[in-house]
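What follows is the content of protein.txt (compact mmCIF, C-alpha atoms).
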```
# COMPACT_ATOMS: atom_id res chain seq x y z
CA MET T 19 135.22 -51.16 -82.90
CA GLU T 20 138.15 -50.29 -80.70
CA ARG T 21 141.00 -47.85 -81.09
CA LEU T 22 144.32 -49.14 -79.76
CA PRO T 23 147.01 -46.54 -79.08
CA LEU T 24 150.31 -47.30 -80.85
CA LYS T 25 153.31 -45.54 -79.42
CA SER T 26 156.21 -46.80 -81.51
CA LYS T 27 157.99 -45.26 -84.47
CA VAL T 28 157.09 -46.66 -87.86
CA LEU T 29 160.73 -47.55 -88.54
CA ASN T 30 161.10 -49.00 -85.06
CA GLU T 31 163.20 -51.98 -86.19
CA ASN T 32 165.73 -49.68 -87.83
CA GLN T 33 165.65 -47.36 -84.83
CA ILE T 34 166.55 -50.19 -82.44
CA ILE T 35 169.57 -51.13 -84.58
CA ALA T 36 170.58 -47.47 -84.94
CA GLU T 37 170.50 -46.92 -81.17
CA SER T 38 172.59 -50.04 -80.64
CA LEU T 39 175.14 -48.79 -83.20
CA ARG T 40 175.15 -45.35 -81.56
CA GLY T 41 175.89 -46.98 -78.22
CA ARG T 42 178.82 -48.91 -79.69
CA TYR T 43 180.26 -45.79 -81.40
CA ARG T 44 179.99 -43.88 -78.16
CA GLU T 45 181.63 -46.65 -76.16
CA HIS T 46 184.72 -46.36 -78.37
CA GLY T 47 184.66 -42.58 -78.69
CA LEU T 48 184.24 -43.06 -82.43
CA LEU T 49 182.81 -40.28 -84.61
CA CYS T 50 180.39 -41.61 -87.23
CA LEU T 51 179.22 -39.25 -89.98
CA ASN T 52 176.49 -39.96 -92.52
CA LEU T 53 177.19 -38.11 -95.80
CA ILE T 54 174.10 -37.47 -97.91
CA SER T 55 173.56 -35.71 -101.24
CA GLY T 56 172.05 -36.19 -104.66
CA PRO T 57 174.05 -38.28 -107.15
CA GLY T 58 177.11 -36.46 -108.43
CA SER T 59 177.39 -33.74 -105.78
CA GLY T 60 180.88 -34.86 -104.91
CA LYS T 61 180.66 -37.04 -101.79
CA THR T 62 183.35 -39.41 -103.05
CA ALA T 63 185.56 -36.59 -104.30
CA LEU T 64 185.38 -34.80 -100.93
CA LEU T 65 186.23 -38.06 -99.15
CA GLU T 66 189.16 -38.64 -101.51
CA ARG T 67 190.66 -35.23 -100.74
CA THR T 68 189.96 -35.78 -97.04
CA LEU T 69 191.67 -39.18 -96.93
CA ALA T 70 194.59 -37.82 -98.98
CA SER T 71 195.12 -35.11 -96.37
CA PHE T 72 195.21 -37.53 -93.43
CA ASP T 73 198.34 -38.83 -91.72
CA PRO T 74 198.66 -42.57 -92.57
CA ALA T 75 198.29 -43.36 -88.86
CA THR T 76 194.78 -41.86 -88.79
CA ARG T 77 192.27 -44.47 -87.70
CA VAL T 78 189.61 -43.79 -90.30
CA CYS T 79 187.30 -46.19 -92.16
CA VAL T 80 184.75 -45.68 -94.92
CA LEU T 81 181.54 -47.48 -95.81
CA THR T 82 180.29 -46.36 -99.19
CA GLY T 83 176.83 -47.16 -100.49
CA ASP T 84 175.64 -47.47 -104.07
CA ILE T 85 172.87 -49.29 -105.87
CA GLN T 86 175.39 -51.01 -108.16
CA THR T 87 179.17 -51.21 -108.72
CA ASP T 88 182.11 -51.01 -106.33
CA ASN T 89 183.65 -48.07 -108.21
CA ASP T 90 183.59 -45.78 -105.20
CA ALA T 91 185.21 -48.31 -102.87
CA ARG T 92 187.99 -48.81 -105.41
CA ARG T 93 188.50 -45.04 -105.72
CA LEU T 94 188.63 -44.60 -101.95
CA ALA T 95 190.79 -47.66 -101.20
CA ARG T 96 193.72 -46.01 -103.03
CA TYR T 97 194.43 -43.89 -99.95
CA GLY T 98 195.38 -46.89 -97.81
CA PHE T 99 192.55 -46.81 -95.28
CA PRO T 100 189.97 -49.60 -94.79
CA VAL T 101 187.01 -49.18 -97.16
CA GLN T 102 183.99 -51.39 -97.82
CA GLN T 103 181.39 -51.02 -100.53
CA ILE T 104 177.76 -51.59 -99.63
CA THR T 105 175.86 -52.51 -102.78
CA THR T 106 172.15 -52.20 -102.09
CA GLY T 107 170.97 -53.84 -105.33
CA GLY T 108 168.15 -51.36 -105.89
CA THR T 109 167.41 -49.94 -102.47
CA CYS T 110 167.58 -46.13 -102.51
CA HIS T 111 169.11 -45.71 -99.03
CA LEU T 112 171.32 -47.43 -96.46
CA ASP T 113 169.68 -48.82 -93.32
CA GLY T 114 170.98 -49.81 -89.91
CA ARG T 115 171.14 -53.51 -90.68
CA MET T 116 173.45 -52.96 -93.70
CA ILE T 117 175.81 -50.94 -91.50
CA GLU T 118 175.75 -53.51 -88.70
CA ARG T 119 176.51 -56.32 -91.13
CA HIS T 120 179.49 -54.56 -92.71
CA LEU T 121 180.92 -53.33 -89.41
CA ALA T 122 181.25 -56.96 -88.28
CA ALA T 123 184.42 -57.10 -90.41
CA TRP T 124 186.11 -54.35 -88.37
CA ASN T 125 187.06 -53.87 -84.74
CA LEU T 126 185.48 -50.60 -83.60
CA GLU T 127 188.24 -50.21 -81.01
CA ASP T 128 190.63 -49.52 -83.89
CA ILE T 129 188.49 -46.76 -85.43
CA ASP T 130 188.28 -43.09 -84.48
CA LEU T 131 186.39 -41.83 -87.52
CA LEU T 132 183.82 -43.68 -89.61
CA PHE T 133 182.50 -42.08 -92.78
CA ILE T 134 179.31 -43.51 -94.23
CA GLU T 135 178.79 -42.32 -97.78
CA ASN T 136 175.09 -42.89 -98.39
CA VAL T 137 173.44 -43.78 -101.70
CA GLY T 138 173.18 -40.67 -103.90
CA ASN T 139 169.67 -39.46 -103.07
CA LEU T 140 168.52 -36.27 -101.38
CA VAL T 141 165.29 -37.76 -99.99
CA CYS T 142 165.17 -41.36 -98.78
CA PRO T 143 168.44 -41.62 -96.79
CA SER T 144 167.23 -38.86 -94.48
CA SER T 145 164.58 -41.20 -93.00
CA TYR T 146 167.02 -43.90 -91.88
CA ASP T 147 169.07 -43.35 -88.76
CA LEU T 148 172.42 -45.19 -88.99
CA GLY T 149 173.46 -44.33 -85.44
CA GLU T 150 175.62 -41.46 -86.73
CA ALA T 151 176.63 -38.49 -84.55
CA ALA T 152 175.69 -36.17 -87.40
CA LYS T 153 174.38 -36.09 -90.92
CA VAL T 154 176.35 -33.99 -93.39
CA VAL T 155 174.51 -32.78 -96.49
CA LEU T 156 176.39 -31.87 -99.67
CA LEU T 157 175.06 -29.73 -102.50
CA SER T 158 177.11 -28.70 -105.53
CA VAL T 159 176.96 -25.37 -107.32
CA THR T 160 175.94 -27.12 -110.53
CA GLU T 161 172.60 -27.95 -108.91
CA GLY T 162 170.05 -25.27 -107.93
CA ASP T 163 170.39 -22.77 -105.11
CA ASP T 164 166.75 -23.43 -104.16
CA LYS T 165 167.45 -27.12 -103.39
CA PRO T 166 167.33 -26.58 -99.59
CA LEU T 167 163.72 -25.41 -100.02
CA LYS T 168 162.83 -28.25 -102.40
CA TYR T 169 164.39 -30.95 -100.21
CA PRO T 170 164.05 -29.40 -96.74
CA SER T 171 164.15 -32.59 -94.71
CA ILE T 172 167.81 -33.41 -95.21
CA PHE T 173 168.89 -29.80 -94.52
CA PHE T 174 166.66 -29.82 -91.44
CA LYS T 175 168.34 -32.96 -90.12
CA SER T 176 171.98 -32.19 -91.01
CA ASP T 177 174.48 -30.52 -88.68
CA LEU T 178 176.71 -29.41 -91.54
CA PHE T 179 176.06 -28.27 -95.11
CA VAL T 180 179.04 -28.56 -97.45
CA LEU T 181 178.61 -26.52 -100.61
CA THR T 182 180.80 -28.34 -103.12
CA LYS T 183 182.49 -27.55 -106.47
CA VAL T 184 182.77 -23.86 -105.51
CA ASP T 185 185.63 -23.47 -108.02
CA LEU T 186 182.87 -23.58 -110.67
CA LEU T 187 180.95 -20.62 -109.21
CA PRO T 188 182.18 -18.15 -111.87
CA TYR T 189 180.73 -20.35 -114.63
CA VAL T 190 177.27 -21.23 -113.32
CA PRO T 191 174.15 -19.21 -112.46
CA PHE T 192 174.23 -20.26 -108.83
CA SER T 193 174.19 -17.92 -105.85
CA ALA T 194 176.08 -19.40 -102.89
CA GLU T 195 174.53 -16.71 -100.68
CA THR T 196 171.01 -17.71 -101.75
CA ALA T 197 171.70 -21.42 -101.21
CA GLU T 198 173.09 -20.71 -97.75
CA ALA T 199 170.23 -18.39 -96.84
CA ASN T 200 167.74 -21.07 -97.96
CA ALA T 201 169.52 -23.71 -95.87
CA ARG T 202 169.39 -21.40 -92.84
CA LEU T 203 165.69 -20.76 -93.44
CA VAL T 204 165.03 -24.50 -93.16
CA HIS T 205 167.58 -25.04 -90.37
CA PRO T 206 168.65 -21.84 -88.63
CA GLY T 207 171.49 -23.52 -86.71
CA ILE T 208 173.10 -25.38 -89.63
CA GLU T 209 176.85 -24.95 -90.05
CA ILE T 210 178.13 -24.26 -93.56
CA VAL T 211 181.42 -24.89 -95.34
CA ARG T 212 182.26 -24.01 -98.96
CA ALA T 213 184.67 -26.46 -100.53
CA SER T 214 186.25 -27.56 -103.77
CA ALA T 215 187.75 -31.01 -104.16
CA THR T 216 189.54 -29.79 -107.32
CA THR T 217 191.43 -26.86 -105.81
CA ASP T 218 191.22 -28.01 -102.16
CA GLY T 219 189.76 -24.58 -101.38
CA GLY T 220 187.76 -24.69 -98.15
CA LEU T 221 189.14 -28.09 -97.25
CA ASP T 222 190.78 -26.62 -94.13
CA ALA T 223 187.38 -25.48 -92.80
CA TRP T 224 185.94 -28.96 -93.37
CA LEU T 225 188.94 -30.60 -91.68
CA ALA T 226 188.67 -28.20 -88.74
CA TRP T 227 184.99 -29.11 -88.35
CA LEU T 228 185.95 -32.81 -88.46
CA SER T 229 188.62 -32.55 -85.79
CA ARG T 230 186.28 -30.53 -83.56
CA ARG T 231 183.60 -33.22 -83.82
CA MET T 232 186.17 -36.00 -83.30
CA ALA T 233 187.36 -34.32 -80.10
CA GLN T 234 183.75 -34.06 -78.98
CA ALA T 235 183.14 -37.78 -79.68
CA ARG T 236 186.28 -38.71 -77.69
CA GLN T 237 185.11 -36.58 -74.76
CA GLU T 238 181.70 -38.24 -74.74
CA ALA T 239 183.19 -41.75 -74.54
CA PRO T 240 182.63 -43.36 -71.11
CA THR T 241 186.38 -43.94 -70.67
CA ALA T 242 187.29 -40.32 -71.44
CA ASP T 243 187.96 -39.52 -67.76
CA ILE T 244 190.38 -42.41 -67.27
CA VAL T 245 192.54 -41.73 -70.31
CA MET K 22 160.86 -44.41 -103.25
CA HIS K 23 161.54 -45.51 -99.67
CA GLU K 24 157.75 -45.36 -99.12
CA LEU K 25 157.54 -49.03 -100.14
CA SER K 26 159.85 -50.11 -97.29
CA ILE K 27 157.89 -47.84 -94.94
CA ALA K 28 154.59 -49.43 -96.05
CA GLU K 29 156.06 -52.87 -95.32
CA SER K 30 157.18 -51.68 -91.87
CA ILE K 31 153.62 -50.53 -91.14
CA LEU K 32 152.19 -53.94 -92.02
CA GLU K 33 154.83 -55.64 -89.92
CA ALA K 34 153.92 -53.48 -86.90
CA VAL K 35 150.20 -54.14 -87.37
CA ARG K 36 150.92 -57.87 -87.50
CA LYS K 37 152.94 -57.63 -84.28
CA GLU K 38 150.30 -55.58 -82.46
CA LEU K 39 147.55 -58.04 -83.40
CA LEU K 40 149.43 -60.88 -81.72
CA SER K 41 148.23 -59.50 -78.40
CA HIS K 42 144.66 -59.04 -79.69
CA PRO K 43 143.64 -62.40 -81.09
CA GLY K 44 140.43 -62.35 -83.12
CA ALA K 45 140.66 -58.62 -83.85
CA ARG K 46 140.42 -57.42 -87.48
CA PRO K 47 142.30 -54.20 -88.28
CA THR K 48 140.24 -51.54 -90.07
CA ARG K 49 142.31 -48.36 -89.82
CA VAL K 50 145.87 -47.46 -88.89
CA GLY K 51 146.76 -43.90 -87.93
CA LEU K 52 150.17 -42.28 -88.56
CA ARG K 53 151.68 -38.95 -87.62
CA ILE K 54 154.17 -37.71 -90.20
CA GLY K 55 156.19 -34.54 -89.69
CA GLU K 56 156.47 -32.19 -92.66
CA MET K 57 160.26 -32.59 -92.37
CA ALA K 58 160.11 -36.41 -92.44
CA ALA K 59 160.72 -36.67 -96.21
CA VAL K 60 157.82 -39.05 -96.61
CA ASP K 61 155.27 -38.40 -99.33
CA PRO K 62 151.75 -39.25 -98.06
CA ASP K 63 150.35 -39.98 -101.54
CA SER K 64 153.21 -42.25 -102.43
CA LEU K 65 152.96 -43.99 -99.04
CA SER K 66 149.21 -44.57 -99.47
CA PHE K 67 149.82 -45.97 -102.95
CA CYS K 68 152.54 -48.33 -101.69
CA PHE K 69 150.43 -49.33 -98.71
CA GLU K 70 147.58 -50.42 -100.99
CA ALA K 71 150.07 -52.40 -103.04
CA VAL K 72 151.51 -54.32 -100.09
CA LEU K 73 148.01 -54.93 -98.67
CA LYS K 74 147.12 -56.96 -101.74
CA ASP K 75 149.14 -59.92 -100.46
CA THR K 76 147.41 -59.93 -97.09
CA GLU K 77 144.08 -60.88 -95.58
CA TRP K 78 143.47 -57.23 -94.61
CA GLN K 79 142.38 -55.65 -97.89
CA GLY K 80 140.44 -52.49 -97.14
CA LEU K 81 142.63 -51.59 -94.16
CA GLN K 82 142.69 -47.78 -94.24
CA LEU K 83 145.74 -45.62 -93.73
CA ASP K 84 145.02 -42.38 -91.89
CA ILE K 85 147.92 -39.93 -92.22
CA ARG K 86 148.09 -36.78 -90.15
CA ILE K 87 150.75 -34.31 -91.29
CA CYS K 88 152.36 -32.50 -88.36
CA PRO K 89 153.93 -29.07 -88.88
CA GLN K 90 157.41 -28.28 -87.71
CA ARG K 91 157.36 -26.93 -84.14
CA ARG K 92 159.88 -24.87 -82.19
CA ILE K 93 160.18 -23.82 -78.57
CA CYS K 94 160.93 -20.16 -77.86
CA ASN K 95 164.08 -19.72 -75.74
CA ALA K 96 162.78 -16.46 -74.29
CA CYS K 97 159.21 -17.28 -73.22
CA GLY K 98 159.00 -21.08 -73.54
CA ASN K 99 156.08 -20.91 -75.97
CA GLU K 100 155.86 -23.86 -78.35
CA PHE K 101 154.73 -22.78 -81.80
CA ALA K 102 154.16 -24.20 -85.28
CA VAL K 103 156.55 -22.90 -87.94
CA VAL K 104 154.65 -21.55 -90.94
CA ASP K 105 156.57 -20.63 -94.12
CA TYR K 106 159.86 -21.02 -92.24
CA ASN K 107 158.98 -18.12 -89.99
CA ILE K 108 160.74 -18.88 -86.71
CA ILE K 109 159.77 -15.68 -84.87
CA CYS K 110 157.80 -16.58 -81.73
CA PRO K 111 154.19 -15.44 -82.22
CA ALA K 112 153.82 -14.84 -78.47
CA CYS K 113 156.84 -12.65 -77.66
CA ALA K 114 158.43 -11.96 -81.08
CA GLY K 115 161.65 -13.57 -79.85
CA SER K 116 163.95 -14.83 -82.61
CA ASN K 117 165.81 -17.45 -80.55
CA SER K 118 164.22 -20.87 -80.45
CA THR K 119 165.06 -24.56 -80.26
CA PRO K 120 163.79 -27.15 -82.74
CA GLY K 121 160.94 -29.26 -81.39
CA SER K 122 159.14 -31.86 -83.47
CA GLY K 123 158.69 -31.95 -87.22
CA ASP K 124 160.51 -35.02 -88.55
CA GLU K 125 158.46 -37.69 -86.81
CA LEU K 126 157.24 -40.84 -88.53
CA ASP K 127 155.19 -42.34 -85.74
CA PHE K 128 152.24 -44.62 -85.24
CA ASP K 129 149.22 -43.01 -83.66
CA TYR K 130 146.60 -45.73 -83.34
CA LEU K 131 145.23 -48.96 -84.72
CA GLU K 132 141.48 -49.35 -85.09
CA VAL K 133 140.19 -52.91 -84.92
CA GLU K 134 136.86 -54.65 -85.16
CA THR K 135 136.36 -57.37 -82.64
CA ASP K 136 133.90 -60.21 -82.57
CA GLY K 137 131.99 -60.02 -79.28
CA THR K 138 132.13 -63.77 -78.83
CA LEU K 139 135.88 -63.78 -79.24
CA ALA K 140 136.70 -60.84 -77.03
CA PRO K 141 133.79 -60.03 -74.70
CA GLU K 142 135.99 -58.02 -72.33
CA VAL K 143 136.79 -55.55 -75.13
CA LYS K 144 133.12 -55.05 -75.97
CA GLY K 145 132.26 -54.54 -72.32
CA ALA K 146 134.84 -51.79 -72.04
CA GLU K 147 133.20 -49.64 -74.70
```

Translate this file's structure into structure tokens.
Amino acid sequence: MERLPLKSKVLNENQIIAESLRGRYREHGLLCLNLISGPGSGKTALLERTLASFDPATRVCVLTGDIQTDNDARRLARYGFPVQQITTGGTCHLDGRMIERHLAAWNLEDIDLLFIENVGNLVCPSSYDLGEAAKVVLLSVTEGDDKPLKYPSIFFKSDLFVLTKVDLLPYVPFSAETAEANARLVHPGIEIVRASATTDGGLDAWLAWLSRRMAQARQEAPTADIV
Amino acid sequence: MHELSIAESILEAVRKELLSHPGARPTRVGLRIGEMAAVDPDSLSFCFEAVLKDTEWQGLQLDIRICPQRRICNACGNEFAVVDYNIICPACAGSNSTPGSGDELDFDYLEVETDGTLAPEVKGAE
């Protein structure tokens, strides 16, 4: 019997595609964000309010993933920006190959900001790198404030935590402070924004975070010095 | 339930590795899974057994080692395991640290049985 050392990652195939995507995003100074939450936390609603707030000249695109239906793509397309639905047909997460295939329809040179709305699932999407600059996790106040402890991986891996539906806080037994403290326990450096897609409360903080990360992505592009 | 796709990726990697070891029969594959990897070991073992059924390698064992989250202290450089989300450095009590490992999903090793007549150089090495 012999023991052979294996050095690769288990999801090596996906990792290779993700690194190639990351390289292409970087080349164009494009900011790619991977939005992850359980079903119904408000990813699409937050994106709708975000797109509605953008100047029509903003070079933003959205890939939105679901197991079935193109409902989300139809909702998001109303704002006039390019949107594609990725229907996984049963798969609980998006992977690098799905992103690569759908991006073939767009010229990355024409994009500054790419939102990927993952399949509603707080577990599986966190294992698949899509080449994004950052994962953003959403949790709504109608869920539980202990969710960051129950699903630590996605909070551990996300740069930003958006607490959504905060306009409902007076009506639900949810402590925003507890949820935020739990998220910081899992990931001490996580940034946090409280937002409501109904009242647009907190949207300015989210938009400020976005423009900061977009500026950072532009600076990291190889051509940044020439421009 | 992404454990099924992960189980398929494991088999695929084993298949690839064996291409460079003709005649070897895999008996055990070792994985290192970080506690922040969002992969359930029981579910993965279950799925792995299921995907094995369509192969010639029934009985191939999955050996999963769970790796705790680790951080590196910014003050003294000590690398420590995080227990119960306590991120205070056990060496210097510093509260500033940088995330280390904890979300890995990596191969560790592949154990194979080899037929001496097929691969004498392997047997000689042991």

Of the listed residues K:Leu39, K:Ala102, K:Leu52, K:Val133, that which approaches T:Arg21 most closely, counting all atoms listed in the file
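The answer is K:Val133, which sits nearest to T:Arg21.
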
Using all atoms listed in the file, which residues of chain K come within 10 Å of chain T, and what is the closest atom pair for each, with the distance in Å to one decimal? Give it as a Markdown table, sorted by chain and residue number.
```
| residue | atom | partner | partner_atom | distance |
| --- | --- | --- | --- | --- |
| K:Met22 | CA | T:Cys142 | CA | 6.9 |
| K:His23 | CA | T:Cys142 | CA | 5.6 |
| K:Glu24 | CA | T:Cys142 | CA | 8.4 |
| K:Ser26 | CA | T:Leu29 | CA | 9.2 |
| K:Ile27 | CA | T:Leu29 | CA | 7.0 |
| K:Ala28 | CA | T:Val28 | CA | 9.0 |
| K:Glu29 | CA | T:Val28 | CA | 9.8 |
| K:Ser30 | CA | T:Leu29 | CA | 6.4 |
| K:Ile31 | CA | T:Val28 | CA | 6.1 |
| K:Leu32 | CA | T:Val28 | CA | 9.7 |
| K:Glu33 | CA | T:Val28 | CA | 9.5 |
| K:Ala34 | CA | T:Val28 | CA | 7.6 |
| K:Val35 | CA | T:Leu24 | CA | 9.5 |
| K:Glu38 | CA | T:Leu24 | CA | 8.4 |
| K:His42 | CA | T:Leu22 | CA | 9.9 |
| K:Ala45 | CA | T:Glu20 | CA | 9.3 |
| K:Arg46 | CA | T:Met19 | CA | 9.3 |
| K:Pro47 | CA | T:Met19 | CA | 9.4 |
| K:Thr48 | CA | T:Met19 | CA | 8.8 |
| K:Arg49 | CA | T:Arg21 | CA | 8.8 |
| K:Val50 | CA | T:Leu24 | CA | 9.2 |
| K:Gly51 | CA | T:Leu24 | CA | 8.6 |
| K:Leu52 | CA | T:Val28 | CA | 8.2 |
| K:Arg53 | CA | T:Val28 | CA | 9.4 |
| K:Ile54 | CA | T:Val28 | CA | 9.7 |
| K:Gly55 | CA | T:Ser171 | CA | 9.6 |
| K:Glu56 | CA | T:Ser171 | CA | 8.0 |
| K:Met57 | CA | T:Ser171 | CA | 4.5 |
| K:Ala58 | CA | T:Ser171 | CA | 6.0 |
| K:Ala59 | CA | T:Ser171 | CA | 5.5 |
| K:Val60 | CA | T:Ser145 | CA | 8.0 |
| K:Asp105 | CA | T:Leu203 | CA | 9.1 |
| K:Tyr106 | CA | T:Leu203 | CA | 6.0 |
| K:Asn107 | CA | T:Leu203 | CA | 8.0 |
| K:Ile108 | CA | T:Leu203 | CA | 8.6 |
| K:Asn117 | CA | T:Pro206 | CA | 9.6 |
| K:Ser118 | CA | T:Pro206 | CA | 9.4 |
| K:Thr119 | CA | T:Gly207 | CA | 9.2 |
| K:Pro120 | CA | T:His205 | CA | 8.8 |
| K:Gly123 | CA | T:Phe174 | CA | 9.3 |
| K:Asp124 | CA | T:Ser171 | CA | 7.6 |
| K:Glu125 | CA | T:Lys27 | CA | 7.9 |
| K:Leu126 | CA | T:Val28 | CA | 5.9 |
| K:Asp127 | CA | T:Lys27 | CA | 4.2 |
| K:Phe128 | CA | T:Leu24 | CA | 5.5 |
| K:Asp129 | CA | T:Leu24 | CA | 5.2 |
| K:Tyr130 | CA | T:Pro23 | CA | 4.4 |
| K:Leu131 | CA | T:Leu22 | CA | 5.0 |
| K:Glu132 | CA | T:Arg21 | CA | 4.3 |
| K:Val133 | CA | T:Glu20 | CA | 5.4 |
| K:Glu134 | CA | T:Met19 | CA | 4.5 |
| K:Thr135 | CA | T:Met19 | CA | 6.3 |
| K:Asp136 | CA | T:Met19 | CA | 9.2 |
| K:Val143 | CA | T:Glu20 | CA | 7.8 |
| K:Lys144 | CA | T:Met19 | CA | 8.2 |
| K:Ala146 | CA | T:Glu20 | CA | 9.4 |
| K:Glu147 | CA | T:Glu20 | CA | 7.8 |
```

Please report the interatomic distance between atom CA of T:Leu126 and atom CA of T:His46 in Å with one decimal.
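Separating atom CA of T:Leu126 from atom CA of T:His46 is a distance of 6.8 Å.
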
Between T:Asp84, T:Glu198, T:Glu238, T:Asp73, which residue has the minimum interatomic distance to T:Asp163, considering all atoms listed in the file?
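That would be T:Glu198, the residue with the smallest distance to T:Asp163.
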
From the list T:Leu94, T:Cys50, T:Ile129, T:Leu64, which residue is nearest T:Ser214 when using only C-alpha atoms?
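Under the stated criterion, the closest residue is T:Leu64.
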
Residues within 9 Å of T:Arg77, only C-alpha atoms, excluding chain neighbours under 6 positions, as a ChimeraX atom specification:
/T:99,128-132

Between atom CA of K:Cys68 and atom CA of K:Arg86, what is the spacing in Å?
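So the answer is 16.9 Å.
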
Of the candidates K:Pro62, K:Pro43, K:Thr76, K:Gly98, which one gets nearest to K:Ala114 if we count only C-alpha atoms?
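Residue with the minimum atom-to-atom distance to K:Ala114: K:Gly98.
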
If you measure from atom CA of T:Trp124 to atom CA of T:Val155, what distance in Å do you get, rounded to one decimal?
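Going from atom CA of T:Trp124 over to atom CA of T:Val155, I get 25.8 Å.
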
Dump stretch 166-179 of chain T with N, CA and C atoms to a file, as a PDB file, in the first residue's frame.
```
ATOM      1  N   PRO T 166     -26.399  34.017  11.845  1.00  0.00           N
ATOM      2  CA  PRO T 166     -24.946  34.015  11.598  1.00  0.00           C
ATOM      3  C   PRO T 166     -24.228  32.885  12.339  1.00  0.00           C
ATOM      4  N   LEU T 167     -24.771  32.449  13.471  1.00  0.00           N
ATOM      5  CA  LEU T 167     -24.149  31.348  14.210  1.00  0.00           C
ATOM      6  C   LEU T 167     -24.551  29.997  13.620  1.00  0.00           C
ATOM      7  N   LYS T 168     -25.784  29.943  13.059  1.00  0.00           N
ATOM      8  CA  LYS T 168     -26.248  28.676  12.479  1.00  0.00           C
ATOM      9  C   LYS T 168     -25.636  28.419  11.114  1.00  0.00           C
ATOM     10  N   TYR T 169     -25.357  29.491  10.374  1.00  0.00           N
ATOM     11  CA  TYR T 169     -24.785  29.373   9.029  1.00  0.00           C
ATOM     12  C   TYR T 169     -23.494  30.197   8.967  1.00  0.00           C
ATOM     13  N   PRO T 170     -22.503  29.828   9.785  1.00  0.00           N
ATOM     14  CA  PRO T 170     -21.329  30.708   9.929  1.00  0.00           C
ATOM     15  C   PRO T 170     -20.508  30.874   8.652  1.00  0.00           C
ATOM     16  N   SER T 171     -20.494  29.843   7.809  1.00  0.00           N
ATOM     17  CA  SER T 171     -19.573  29.890   6.671  1.00  0.00           C
ATOM     18  C   SER T 171     -19.778  31.119   5.794  1.00  0.00           C
ATOM     19  N   ILE T 172     -21.023  31.414   5.440  1.00  0.00           N
ATOM     20  CA  ILE T 172     -21.248  32.513   4.514  1.00  0.00           C
ATOM     21  C   ILE T 172     -20.931  33.868   5.159  1.00  0.00           C
ATOM     22  N   PHE T 173     -21.142  33.979   6.480  1.00  0.00           N
ATOM     23  CA  PHE T 173     -20.780  35.233   7.159  1.00  0.00           C
ATOM     24  C   PHE T 173     -19.259  35.352   7.270  1.00  0.00           C
ATOM     25  N   PHE T 174     -18.618  34.201   7.443  1.00  0.00           N
ATOM     26  CA  PHE T 174     -17.153  34.145   7.516  1.00  0.00           C
ATOM     27  C   PHE T 174     -16.531  34.614   6.200  1.00  0.00           C
ATOM     28  N   LYS T 175     -17.170  34.258   5.084  1.00  0.00           N
ATOM     29  CA  LYS T 175     -16.575  34.518   3.775  1.00  0.00           C
ATOM     30  C   LYS T 175     -17.030  35.836   3.140  1.00  0.00           C
ATOM     31  N   SER T 176     -18.014  36.516   3.733  1.00  0.00           N
ATOM     32  CA  SER T 176     -18.542  37.731   3.109  1.00  0.00           C
ATOM     33  C   SER T 176     -17.839  38.977   3.619  1.00  0.00           C
ATOM     34  N   ASP T 177     -17.644  39.944   2.731  1.00  0.00           N
ATOM     35  CA  ASP T 177     -17.060  41.227   3.140  1.00  0.00           C
ATOM     36  C   ASP T 177     -18.116  42.130   3.751  1.00  0.00           C
ATOM     37  N   LEU T 178     -19.365  41.973   3.273  1.00  0.00           N
ATOM     38  CA  LEU T 178     -20.434  42.867   3.718  1.00  0.00           C
ATOM     39  C   LEU T 178     -21.668  42.055   4.107  1.00  0.00           C
ATOM     40  N   PHE T 179     -22.297  42.471   5.182  1.00  0.00           N
ATOM     41  CA  PHE T 179     -23.553  41.885   5.654  1.00  0.00           C
ATOM     42  C   PHE T 179     -24.620  42.966   5.533  1.00  0.00           C
TER      43      PHE T 179
END
```
